[in-house]
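model.tsv follows; it contains TSV, C-alpha atoms and all ligand atoms.
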chain	number	residue	atom	x	y	z
A	1	MET	CA	-11.54	-25.71	-21.83
A	2	ALA	CA	-13.03	-23.50	-24.43
A	3	ARG	CA	-12.92	-20.22	-26.21
A	4	ILE	CA	-16.25	-18.51	-25.64
A	5	ASP	CA	-17.74	-16.09	-28.16
A	6	LEU	CA	-20.58	-13.83	-27.19
A	7	ASN	CA	-22.16	-12.57	-30.42
A	8	HIS	CA	-24.37	-9.50	-30.10
A	9	ILE	CA	-25.94	-10.68	-26.85
A	10	ARG	CA	-28.82	-8.63	-25.46
A	11	HIS	CA	-31.12	-9.51	-22.63
A	12	ALA	CA	-34.33	-8.07	-21.21
A	13	TYR	CA	-36.05	-9.67	-18.22
A	14	GLY	CA	-39.46	-8.11	-18.91
A	15	PRO	CA	-41.71	-8.77	-21.93
A	16	ASN	CA	-41.79	-6.39	-24.93
A	17	PRO	CA	-38.61	-4.38	-24.35
A	18	LYS	CA	-38.81	-1.13	-26.31
A	19	SER	CA	-35.75	0.97	-25.68
A	20	ASP	CA	-32.22	0.34	-24.40
A	21	LYS	CA	-33.26	1.03	-20.82
A	22	ASP	CA	-35.49	-2.08	-20.85
A	23	TYR	CA	-32.40	-4.24	-21.38
A	24	ALA	CA	-30.33	-5.54	-18.46
A	25	LEU	CA	-27.66	-6.31	-21.08
A	26	LYS	CA	-27.56	-3.91	-23.99
A	27	GLU	CA	-25.07	-5.31	-26.45
A	28	VAL	CA	-22.29	-7.63	-25.45
A	29	HIS	CA	-20.05	-8.67	-28.29
A	30	HIS	CA	-16.84	-10.17	-27.07
A	31	SER	CA	-14.65	-13.29	-26.94
A	32	TRP	CA	-13.17	-14.98	-23.89
A	33	GLU	CA	-9.95	-16.64	-25.03
A	34	ASP	CA	-9.40	-20.32	-24.30
A	35	GLY	CA	-7.48	-20.50	-21.05
A	36	GLY	CA	-7.91	-16.81	-20.26
A	37	ALA	CA	-8.38	-15.50	-16.72
A	38	TYR	CA	-10.89	-12.67	-16.82
A	39	ALA	CA	-12.33	-10.54	-14.09
A	40	LEU	CA	-15.74	-9.06	-14.72
A	41	LEU	CA	-15.85	-5.86	-12.72
A	42	GLY	CA	-18.67	-3.39	-12.23
A	43	PRO	CA	-21.07	-1.92	-9.69
A	44	SER	CA	-24.06	-3.76	-8.35
A	45	GLY	CA	-26.87	-4.02	-10.89
A	46	CYS	CA	-24.73	-3.49	-14.01
A	47	GLY	CA	-25.50	-6.96	-15.42
A	48	LYS	CA	-22.59	-9.17	-14.30
A	49	THR	CA	-24.71	-12.05	-12.98
A	50	THR	CA	-27.00	-11.83	-15.99
A	51	LEU	CA	-24.02	-12.22	-18.32
A	52	LEU	CA	-22.59	-15.12	-16.32
A	53	ASN	CA	-25.95	-16.91	-16.29
A	54	ILE	CA	-26.21	-16.49	-20.05
A	55	ILE	CA	-22.82	-18.17	-20.48
A	56	SER	CA	-23.75	-21.05	-18.18
A	57	GLY	CA	-27.20	-21.46	-19.72
A	58	LEU	CA	-29.34	-20.55	-16.71
A	59	ILE	CA	-30.69	-17.66	-18.79
A	60	HIS	CA	-31.53	-17.78	-22.48
A	61	PRO	CA	-30.62	-14.40	-24.00
A	62	SER	CA	-33.32	-12.32	-25.72
A	63	HIS	CA	-30.99	-11.81	-28.69
A	64	GLY	CA	-27.65	-13.06	-29.88
A	65	GLN	CA	-25.62	-16.19	-30.02
A	66	LEU	CA	-23.13	-17.98	-27.80
A	67	LEU	CA	-20.33	-20.17	-29.19
A	68	PHE	CA	-17.96	-22.57	-27.41
A	69	ASN	CA	-14.94	-23.36	-29.57
A	70	GLY	CA	-16.92	-22.17	-32.58
A	71	GLU	CA	-19.93	-24.39	-31.88
A	72	ASP	CA	-23.32	-22.76	-31.30
A	73	VAL	CA	-24.48	-23.64	-27.77
A	74	THR	CA	-27.19	-20.98	-27.42
A	75	ASN	CA	-29.90	-23.62	-27.19
A	76	LEU	CA	-28.01	-26.17	-25.10
A	77	SER	CA	-28.84	-26.81	-21.45
A	78	THR	CA	-26.48	-25.99	-18.60
A	79	GLN	CA	-25.55	-29.69	-18.30
A	80	GLU	CA	-24.76	-29.99	-21.99
A	81	ARG	CA	-22.56	-26.89	-21.88
A	82	ASN	CA	-20.36	-28.48	-19.23
A	83	ILE	CA	-19.64	-25.37	-17.22
A	84	ALA	CA	-18.80	-25.15	-13.52
A	85	GLN	CA	-20.40	-22.19	-11.79
A	86	VAL	CA	-19.79	-20.92	-8.29
A	87	PHE	CA	-22.67	-18.76	-7.12
A	88	GLN	CA	-22.61	-15.64	-4.99
A	89	PHE	CA	-24.92	-17.27	-2.49
A	90	PRO	CA	-23.77	-20.81	-1.62
A	91	VAL	CA	-25.92	-23.60	-3.02
A	92	ILE	CA	-25.07	-26.58	-0.87
A	93	TYR	CA	-26.84	-29.68	0.41
A	94	ASP	CA	-27.30	-29.25	4.16
A	95	THR	CA	-28.01	-32.90	4.91
A	96	MET	CA	-24.92	-34.20	3.08
A	97	THR	CA	-21.42	-34.25	4.51
A	98	VAL	CA	-18.83	-31.77	3.29
A	99	TYR	CA	-17.17	-34.64	1.37
A	100	ASP	CA	-20.38	-35.67	-0.36
A	101	ASN	CA	-21.18	-32.09	-1.30
A	102	LEU	CA	-17.95	-32.01	-3.30
A	103	ALA	CA	-18.34	-35.53	-4.66
A	104	PHE	CA	-21.88	-34.82	-5.89
A	105	PRO	CA	-21.07	-33.10	-9.20
A	106	LEU	CA	-18.58	-35.89	-10.02
A	107	ARG	CA	-20.96	-38.76	-9.15
A	108	ASN	CA	-23.54	-37.02	-11.31
A	109	ARG	CA	-21.19	-37.40	-14.24
A	110	GLY	CA	-20.32	-41.03	-13.50
A	111	VAL	CA	-16.69	-40.42	-12.54
A	112	PRO	CA	-15.12	-43.59	-10.99
A	113	GLU	CA	-15.09	-43.55	-7.14
A	114	ALA	CA	-11.29	-43.77	-6.87
A	115	GLU	CA	-10.87	-40.67	-8.96
A	116	ILE	CA	-13.67	-38.92	-7.08
A	117	ASP	CA	-11.86	-39.64	-3.83
A	118	ARG	CA	-8.59	-38.24	-5.14
A	119	LYS	CA	-10.16	-35.08	-6.55
A	120	VAL	CA	-12.35	-34.43	-3.49
A	121	ARG	CA	-9.45	-34.80	-1.06
A	122	GLU	CA	-7.22	-32.57	-3.14
A	123	THR	CA	-9.93	-29.90	-3.32
A	124	LEU	CA	-10.70	-30.11	0.41
A	125	GLU	CA	-7.04	-29.42	1.13
A	126	MET	CA	-7.11	-26.44	-1.13
A	127	ILE	CA	-10.14	-24.83	0.51
A	128	ASP	CA	-8.80	-25.72	3.96
A	129	LEU	CA	-11.72	-27.98	4.92
A	130	ALA	CA	-9.97	-31.38	4.96
A	131	SER	CA	-10.63	-31.91	8.66
A	132	TRP	CA	-14.33	-31.18	8.13
A	133	ALA	CA	-14.86	-33.85	5.46
A	134	LYS	CA	-17.19	-36.06	7.53
A	135	LYS	CA	-19.22	-33.22	9.08
A	136	LYS	CA	-22.72	-32.45	7.85
A	137	ALA	CA	-22.85	-29.18	5.95
A	138	ARG	CA	-25.79	-28.00	8.05
A	139	GLY	CA	-23.70	-26.98	11.06
A	140	LEU	CA	-21.10	-24.98	9.15
A	141	THR	CA	-20.52	-21.23	9.26
A	142	ALA	CA	-21.36	-18.97	6.33
A	143	ASP	CA	-17.74	-18.73	5.17
A	144	GLN	CA	-17.26	-22.51	5.37
A	145	LYS	CA	-20.37	-22.92	3.24
A	146	GLN	CA	-18.97	-20.48	0.75
A	147	LYS	CA	-15.76	-22.52	0.61
A	148	ILE	CA	-17.78	-25.67	-0.12
A	149	SER	CA	-19.49	-23.84	-2.91
A	150	LEU	CA	-16.10	-22.80	-4.26
A	151	GLY	CA	-14.84	-26.39	-3.92
A	152	ARG	CA	-17.80	-27.70	-5.88
A	153	GLY	CA	-16.81	-25.45	-8.74
A	154	LEU	CA	-13.17	-26.51	-8.62
A	155	VAL	CA	-13.56	-30.25	-8.18
A	156	ARG	CA	-14.20	-30.92	-11.85
A	157	SER	CA	-11.30	-30.54	-14.23
A	158	ASP	CA	-13.06	-31.48	-17.49
A	159	VAL	CA	-15.18	-28.36	-17.80
A	160	ASN	CA	-15.30	-25.83	-20.64
A	161	ALA	CA	-15.01	-22.94	-18.21
A	162	ILE	CA	-15.34	-22.07	-14.55
A	163	LEU	CA	-17.50	-19.10	-13.69
A	164	PHE	CA	-17.24	-17.45	-10.29
A	165	ASP	CA	-19.90	-14.99	-9.18
A	166	GLU	CA	-18.48	-12.94	-6.30
A	167	PRO	CA	-17.44	-16.21	-4.61
A	168	LEU	CA	-15.59	-14.75	-1.64
A	169	THR	CA	-17.98	-12.10	-0.31
A	170	VAL	CA	-18.41	-13.50	3.22
A	171	ILE	CA	-14.87	-14.84	3.61
A	172	ASP	CA	-12.52	-12.94	5.90
A	173	PRO	CA	-9.85	-10.76	4.25
A	174	HIS	CA	-6.86	-13.01	4.95
A	175	MET	CA	-8.56	-16.21	3.75
A	176	LYS	CA	-9.87	-14.28	0.76
A	177	TRP	CA	-6.32	-13.46	-0.18
A	178	VAL	CA	-5.23	-17.10	0.28
A	179	LEU	CA	-8.08	-18.49	-1.82
A	180	ARG	CA	-7.59	-15.90	-4.53
A	181	SER	CA	-3.93	-16.79	-4.92
A	182	GLN	CA	-4.88	-20.48	-5.02
A	183	LEU	CA	-7.32	-19.77	-7.83
A	184	LYS	CA	-4.57	-17.96	-9.65
A	185	GLN	CA	-2.20	-20.92	-9.22
A	186	LEU	CA	-4.88	-23.33	-10.39
A	187	HIS	CA	-5.32	-21.25	-13.47
A	188	GLN	CA	-1.60	-21.31	-14.16
A	189	ARG	CA	-1.44	-25.07	-13.58
A	190	PHE	CA	-4.47	-26.23	-15.53
A	191	GLY	CA	-5.14	-23.34	-17.91
A	192	TYR	CA	-8.84	-23.14	-17.17
A	193	THR	CA	-10.91	-20.49	-18.87
A	194	MET	CA	-12.00	-18.52	-15.83
A	195	VAL	CA	-14.45	-15.69	-15.46
A	196	TYR	CA	-14.44	-14.11	-12.04
A	197	VAL	CA	-17.17	-11.62	-11.20
A	198	THR	CA	-16.54	-8.99	-8.58
A	199	HIS	CA	-17.46	-5.42	-7.71
A	200	ASP	CA	-14.13	-5.02	-5.90
A	201	GLN	CA	-11.36	-3.48	-8.00
A	202	THR	CA	-8.54	-4.90	-5.87
A	203	GLU	CA	-9.91	-8.38	-6.32
A	204	ALA	CA	-10.26	-7.89	-10.07
A	205	LEU	CA	-6.84	-6.34	-10.56
A	206	THR	CA	-5.00	-9.01	-8.58
A	207	PHE	CA	-6.80	-11.98	-10.08
A	208	ALA	CA	-7.01	-11.34	-13.76
A	209	GLN	CA	-4.87	-11.04	-16.85
A	210	LYS	CA	-7.68	-9.06	-18.42
A	211	VAL	CA	-10.27	-7.00	-16.63
A	212	VAL	CA	-13.64	-6.50	-18.26
A	213	VAL	CA	-15.37	-3.42	-16.90
A	214	MET	CA	-19.16	-3.34	-17.10
A	215	TYR	CA	-21.38	-0.36	-16.59
A	216	ASP	CA	-25.12	-0.11	-17.04
A	217	GLY	CA	-25.55	-3.27	-19.12
A	218	GLU	CA	-22.52	-2.77	-21.35
A	219	ILE	CA	-18.86	-3.69	-21.45
A	220	VAL	CA	-17.12	-0.30	-21.43
A	221	GLN	CA	-13.50	-1.47	-21.48
A	222	ILE	CA	-11.44	-4.63	-21.59
A	223	GLY	CA	-7.82	-4.28	-20.68
A	224	THR	CA	-4.89	-5.01	-18.46
A	225	PRO	CA	-4.92	-3.28	-15.08
A	226	GLU	CA	-2.34	-0.85	-16.46
A	227	GLU	CA	-4.46	0.05	-19.50
A	228	LEU	CA	-7.49	0.67	-17.30
A	229	PHE	CA	-5.43	2.90	-15.09
A	230	GLU	CA	-3.54	4.87	-17.75
A	231	ARG	CA	-6.12	5.16	-20.50
A	232	PRO	CA	-9.68	4.77	-19.22
A	233	LYS	CA	-11.90	4.52	-22.29
A	234	HIS	CA	-14.96	5.78	-20.48
A	235	THR	CA	-15.19	8.27	-17.62
A	236	PHE	CA	-16.85	5.54	-15.54
A	237	VAL	CA	-13.67	3.42	-15.75
A	238	GLY	CA	-11.73	6.45	-14.56
A	239	TYR	CA	-13.97	6.90	-11.54
A	240	PHE	CA	-14.28	3.21	-10.70
A	241	ILE	CA	-10.64	2.16	-10.96
A	242	GLY	CA	-8.11	3.87	-8.74
A	243	SER	CA	-8.43	5.44	-5.35
A	244	PRO	CA	-9.45	8.18	-5.42
A	245	GLY	CA	-10.75	7.88	-8.98
A	246	MET	CA	-9.96	10.13	-11.91
A	247	ASN	CA	-10.75	13.87	-11.78
A	248	VAL	CA	-13.21	14.69	-14.54
A	249	MET	CA	-14.11	18.29	-15.37
A	250	PRO	CA	-15.98	20.11	-18.14
A	251	VAL	CA	-13.71	21.94	-20.60
A	252	LYS	CA	-13.92	24.04	-23.73
A	253	LEU	CA	-11.42	23.13	-26.44
A	254	SER	CA	-9.84	25.43	-28.97
A	255	GLY	CA	-6.65	25.16	-30.97
A	256	GLY	CA	-4.85	22.61	-28.81
A	257	MET	CA	-5.89	24.36	-25.59
A	258	ALA	CA	-8.45	23.28	-23.00
A	259	GLN	CA	-10.22	25.91	-20.95
A	260	ILE	CA	-11.13	25.05	-17.35
A	261	GLY	CA	-12.98	27.92	-15.72
A	262	SER	CA	-10.79	30.94	-16.46
A	263	HIS	CA	-7.62	28.88	-17.02
A	264	GLN	CA	-6.08	27.61	-20.23
A	265	ILE	CA	-4.19	24.34	-20.40
A	266	GLN	CA	-2.00	23.21	-23.25
A	267	LEU	CA	-2.99	19.76	-24.52
A	268	PRO	CA	-0.29	17.30	-25.66
A	269	ALA	CA	-1.95	17.35	-29.11
A	270	PRO	CA	-4.92	19.19	-30.58
A	271	VAL	CA	-8.18	17.22	-30.50
A	272	MET	CA	-11.58	18.34	-31.71
A	273	PRO	CA	-14.45	15.96	-30.98
A	274	ALA	CA	-17.19	16.77	-33.47
A	275	GLY	CA	-20.81	17.12	-32.38
A	276	ALA	CA	-20.33	16.06	-28.74
A	277	LYS	CA	-22.85	17.26	-26.15
A	278	THR	CA	-20.31	17.19	-23.33
A	279	VAL	CA	-16.55	17.57	-23.49
A	280	GLU	CA	-14.54	16.73	-20.37
A	281	LEU	CA	-10.94	16.50	-19.34
A	282	GLY	CA	-9.94	13.55	-17.17
A	283	ILE	CA	-6.76	13.38	-15.14
A	284	ARG	CA	-5.85	11.00	-12.34
A	285	PRO	CA	-4.83	12.50	-8.96
A	286	GLU	CA	-1.41	10.84	-9.49
A	287	TYR	CA	-0.78	13.18	-12.46
A	288	VAL	CA	-1.72	16.43	-10.77
A	289	ARG	CA	1.24	18.28	-9.24
A	290	LEU	CA	0.80	20.48	-6.20
A	291	GLY	CA	3.37	23.28	-6.05
A	292	ARG	CA	4.06	26.98	-6.20
A	293	SER	CA	3.23	27.53	-9.86
A	294	GLY	CA	0.37	26.76	-12.18
A	295	MET	CA	-3.29	27.35	-11.35
A	296	PRO	CA	-4.07	28.74	-7.88
A	297	VAL	CA	-6.25	26.48	-5.73
A	298	VAL	CA	-7.83	26.39	-2.30
A	299	ILE	CA	-7.14	23.34	-0.12
A	300	ALA	CA	-10.45	21.84	1.00
A	301	LYS	CA	-9.20	18.77	2.86
A	302	VAL	CA	-6.09	16.68	3.44
A	303	GLU	CA	-6.38	12.93	4.02
A	304	ASP	CA	-3.21	11.33	5.30
A	305	ILE	CA	-3.20	7.68	4.25
A	306	GLY	CA	0.25	6.63	5.36
A	307	ARG	CA	2.79	6.74	2.56
A	308	HIS	CA	1.00	9.53	0.75
A	309	LYS	CA	-1.67	12.17	1.18
A	310	ILE	CA	-4.83	12.77	-0.77
A	311	VAL	CA	-5.27	16.52	-1.04
A	312	ARG	CA	-8.71	17.74	-2.06
A	313	THR	CA	-8.31	21.06	-3.81
A	314	ARG	CA	-10.75	23.52	-5.38
A	315	LEU	CA	-9.90	25.27	-8.62
A	316	GLU	CA	-12.61	27.95	-8.88
A	317	ASN	CA	-15.77	25.77	-8.88
A	318	GLN	CA	-14.02	22.52	-9.65
A	319	ASP	CA	-12.98	19.87	-7.08
A	320	ILE	CA	-9.64	18.31	-7.99
A	321	ALA	CA	-7.99	15.56	-5.96
A	322	VAL	CA	-4.19	15.43	-5.88
A	323	ILE	CA	-1.94	12.68	-4.58
A	324	VAL	CA	1.10	14.04	-2.80
A	325	GLY	CA	3.89	11.53	-2.28
A	326	GLU	CA	6.02	10.88	0.77
A	327	GLY	CA	7.72	14.03	2.05
A	328	GLY	CA	5.69	16.28	-0.28
A	329	ASP	CA	4.57	19.46	1.40
A	330	ILE	CA	1.61	21.74	0.88
A	331	PRO	CA	2.80	25.25	-0.05
A	332	ALA	CA	1.38	28.32	1.62
A	333	GLU	CA	0.09	29.55	-1.74
A	334	PRO	CA	-0.90	26.27	-3.39
A	335	HIS	CA	-1.09	25.88	-7.15
A	336	ILE	CA	-1.70	22.84	-9.32
A	337	ALA	CA	-0.37	21.80	-12.70
A	338	PHE	CA	-1.33	18.86	-14.91
A	339	ASP	CA	1.27	16.39	-16.17
A	340	PRO	CA	0.50	16.29	-19.93
A	341	LYS	CA	0.93	12.49	-20.12
A	342	GLY	CA	-1.98	12.04	-17.69
A	343	ILE	CA	-4.46	14.11	-19.70
A	344	ASN	CA	-7.43	12.41	-21.36
A	345	ILE	CA	-10.28	14.10	-23.23
A	346	TYR	CA	-13.79	12.63	-23.19
A	347	ALA	CA	-16.64	13.40	-25.57
A	348	ASP	CA	-20.04	12.28	-24.24
A	349	SER	CA	-18.14	10.18	-21.65
A	350	TRP	CA	-16.00	8.28	-24.22
A	351	ARG	CA	-12.30	8.88	-24.59
A	352	VAL	CA	-11.19	10.78	-27.69
A	353	GLY	CA	-8.15	9.23	-29.36
A	354	GLY	CA	-5.13	11.16	-30.57
A	355	LEU	CA	-3.61	12.36	-27.31
B	1	LIG	P1	-25.08	-7.54	-11.06
B	1	LIG	O1	-24.80	-8.99	-10.97
B	1	LIG	O2	-24.04	-6.78	-11.80
B	1	LIG	O3	-25.34	-6.93	-9.72
B	1	LIG	P2	-27.56	-8.34	-12.34
B	1	LIG	O4	-27.16	-9.07	-13.57
B	1	LIG	O5	-27.99	-9.16	-11.18
B	1	LIG	O6	-26.42	-7.32	-11.92
B	1	LIG	O7	-28.74	-7.37	-12.72
B	1	LIG	C1	-28.75	-6.51	-13.86
B	1	LIG	C2	-30.10	-5.80	-13.95
B	1	LIG	O8	-31.13	-6.75	-14.21
B	1	LIG	C3	-30.52	-5.08	-12.68
B	1	LIG	O9	-31.18	-3.89	-13.05
B	1	LIG	C4	-31.46	-6.05	-12.02
B	1	LIG	O10	-32.41	-5.37	-11.23
B	1	LIG	C5	-32.12	-6.73	-13.20
B	1	LIG	N1	-32.49	-8.14	-12.89
B	1	LIG	C6	-31.65	-9.09	-12.46
B	1	LIG	N2	-32.29	-10.27	-12.29
B	1	LIG	C7	-33.59	-10.03	-12.62
B	1	LIG	C8	-34.77	-10.83	-12.66
B	1	LIG	N3	-34.73	-12.13	-12.33
B	1	LIG	N4	-35.92	-10.24	-13.06
B	1	LIG	C9	-35.95	-8.93	-13.42
B	1	LIG	N5	-34.88	-8.12	-13.39
B	1	LIG	C10	-33.72	-8.65	-13.01
B	2	MG	MG	-24.58	-10.21	-9.26
Here is a file; write its structure as structure tokens.
Ligand code: ADP
Ligand code: MG
Amino acid sequence: MARIDLNHIRHAYGPNPKSDKDYALKEVHHSWEDGGAYALLGPSGCGKTTLLNIISGLIHPSHGQLLFNGEDVTNLSTQERNIAQVFQFPVIYDTMTVYDNLAFPLRNRGVPEAEIDRKVRETLEMIDLASWAKKKARGLTADQKQKISLGRGLVRSDVNAILFDEPLTVIDPHMKWVLRSQLKQLHQRFGYTMVYVTHDQTEALTFAQKVVVMYDGEIVQIGTPEELFERPKHTFVGYFIGSPGMNVMPVKLSGGMAQIGSHQIQLPAPVMPAGAKTVELGIRPEYVRLGRSGMPVVIAKVEDIGRHKIVRTRLENQDIAVIVGEGGDIPAEPHIAFDPKGINIYADSWRVGGL
């Protein structure tokens, strides 16, 4: 297993990139710790697969350098990097049996047959395909093929890292949960360096020790699930993590107060971002209180989702979502108030420190 350093990586697919928008990856400068379990989370098209393929060597970056345990591997082939990669779309050999599909990467590396047999059987058990070992891959369903693809990534234990690119997309929700917890156990048992790409926040938050959030070709935040929830560094993280996402609204700041429409709110500490084009206040629906005092609102919609309700309110021209816990009622003259510890201020979409 290896520590992986990404040094000022940029990548453009087209020739002659001129500005930032020509880059699929703008500037990735980050280290994956040896034995770390990372989830790479972001919307479709933000550059997750590009970054993974740069680590595995399928793509040579336009700029920057990649190190494994301090050694420069930027110009090494995929084989030489010794990385296992599980692709979003299964790459399997239709004419081979399930068993041989898993044995293939080991035979390629000259592993003795007895050890191959042990590893393949163990992996088949894990992905719940042991009884399918002798079947040809051709006749399998899409989710069985995806499991084979996953198995092929897991069958080798001598790799520098295992990279998973949305490996469970076509697998049914229960099996997804089972496989994800097996991956987690494997990580705990063998200490693999794992990078798990997903656009699904639940998957990312349950799998990883550290979640790396990508947006538009950049890493916008790396943190524990709690850090991403409590202190989103970028408004995008606020929107993307949590359900519903963070409320973000334009504000004017002066002397420790934030003005929202015609209302003034006391900030926990004075902040004054200099030279910002946009200044916004972000607060998660969990930190907005619905009651009989504060700022008067109109109730636009109430969504009952079991244990709590999502109440969509309007404060003048601003939509603000509120989460109301079990037993919480909606007053006849509704007002909202912000819990100071949930307030974040953003200048040009980036969080301002000091609160
Ligand atoms: P993700 O995996 O997060 O969905 P990708 O890394 O696949 O994102 O893509 C990032 C950006 O690069 C997208 O704008 C995508 O259209 C572009 N892109 C991806 N692959 C290619 C390619 N082979 N040629 C040109 N552009 C590409
Ligand atoms: Mg992708």
Legend entry - Straight-line distance linking atom CA of Phe207 of chain A with atom CA of Tyr38 of chain A, stated in Å to one decimal: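 Taking atom CA of Phe207 of chain A as the start and atom CA of Tyr38 of chain A as the end point, the length is 7.9 Å.
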Inset, instruction - With only C-alpha atoms counted, which protein, DNA or RNA residues have an atom no more than 9 Å from (-34.0, -8.3, -24.3) in the file frame? Please answer as number ranges by chain. - result: A: 9-18, 20, 22-26, 61-63
Legend entry - Residues within 7 Å of ligand LIG 1 (chain B), counting all atoms listed in the file, as a PyMOL selection string: chain A and resi 13-14+24+42-51+217
Hey, can I get the axis-aligned box for segment 139-156 of chain A? All listed atoms, 3 Å padding on each side, centre and edge lengths in Å to one decimal, as lines of an AutoDock Vina configuration file.
center_x = -18.4
center_y = -24.8
center_z = -0.4
size_x = 16.5
size_y = 18.2
size_z = 28.9
Quick one: which segment 9-93 of chain A residues come within 8 Å of segment 145-167 of chain A, and what is the nearest atom pair for each with the distance in Å to one decimal, counting all atoms listed in the file, rows ordered by chain and ascending number, as CSV?
residue,atom,partner,partner_atom,distance
A:Thr49,CA,A:Asp165,CA,6.8
A:Leu52,CA,A:Leu163,CA,7.0
A:Ser56,CA,A:Leu163,CA,7.9
A:Phe68,CA,A:Asn160,CA,8.0
A:Arg81,CA,A:Asn160,CA,7.4
A:Asn82,CA,A:Val159,CA,5.4
A:Ile83,CA,A:Ala161,CA,5.3
A:Ala84,CA,A:Ile162,CA,4.7
A:Gln85,CA,A:Leu163,CA,4.6
A:Val86,CA,A:Phe164,CA,4.7
A:Phe87,CA,A:Asp165,CA,5.1
A:Gln88,CA,A:Asp165,CA,5.0
A:Phe89,CA,A:Gln146,CA,7.5
A:Pro90,CA,A:Gln146,CA,5.4
A:Val91,CA,A:Ser149,CA,6.4
A:Ile92,CA,A:Ser149,CA,6.5
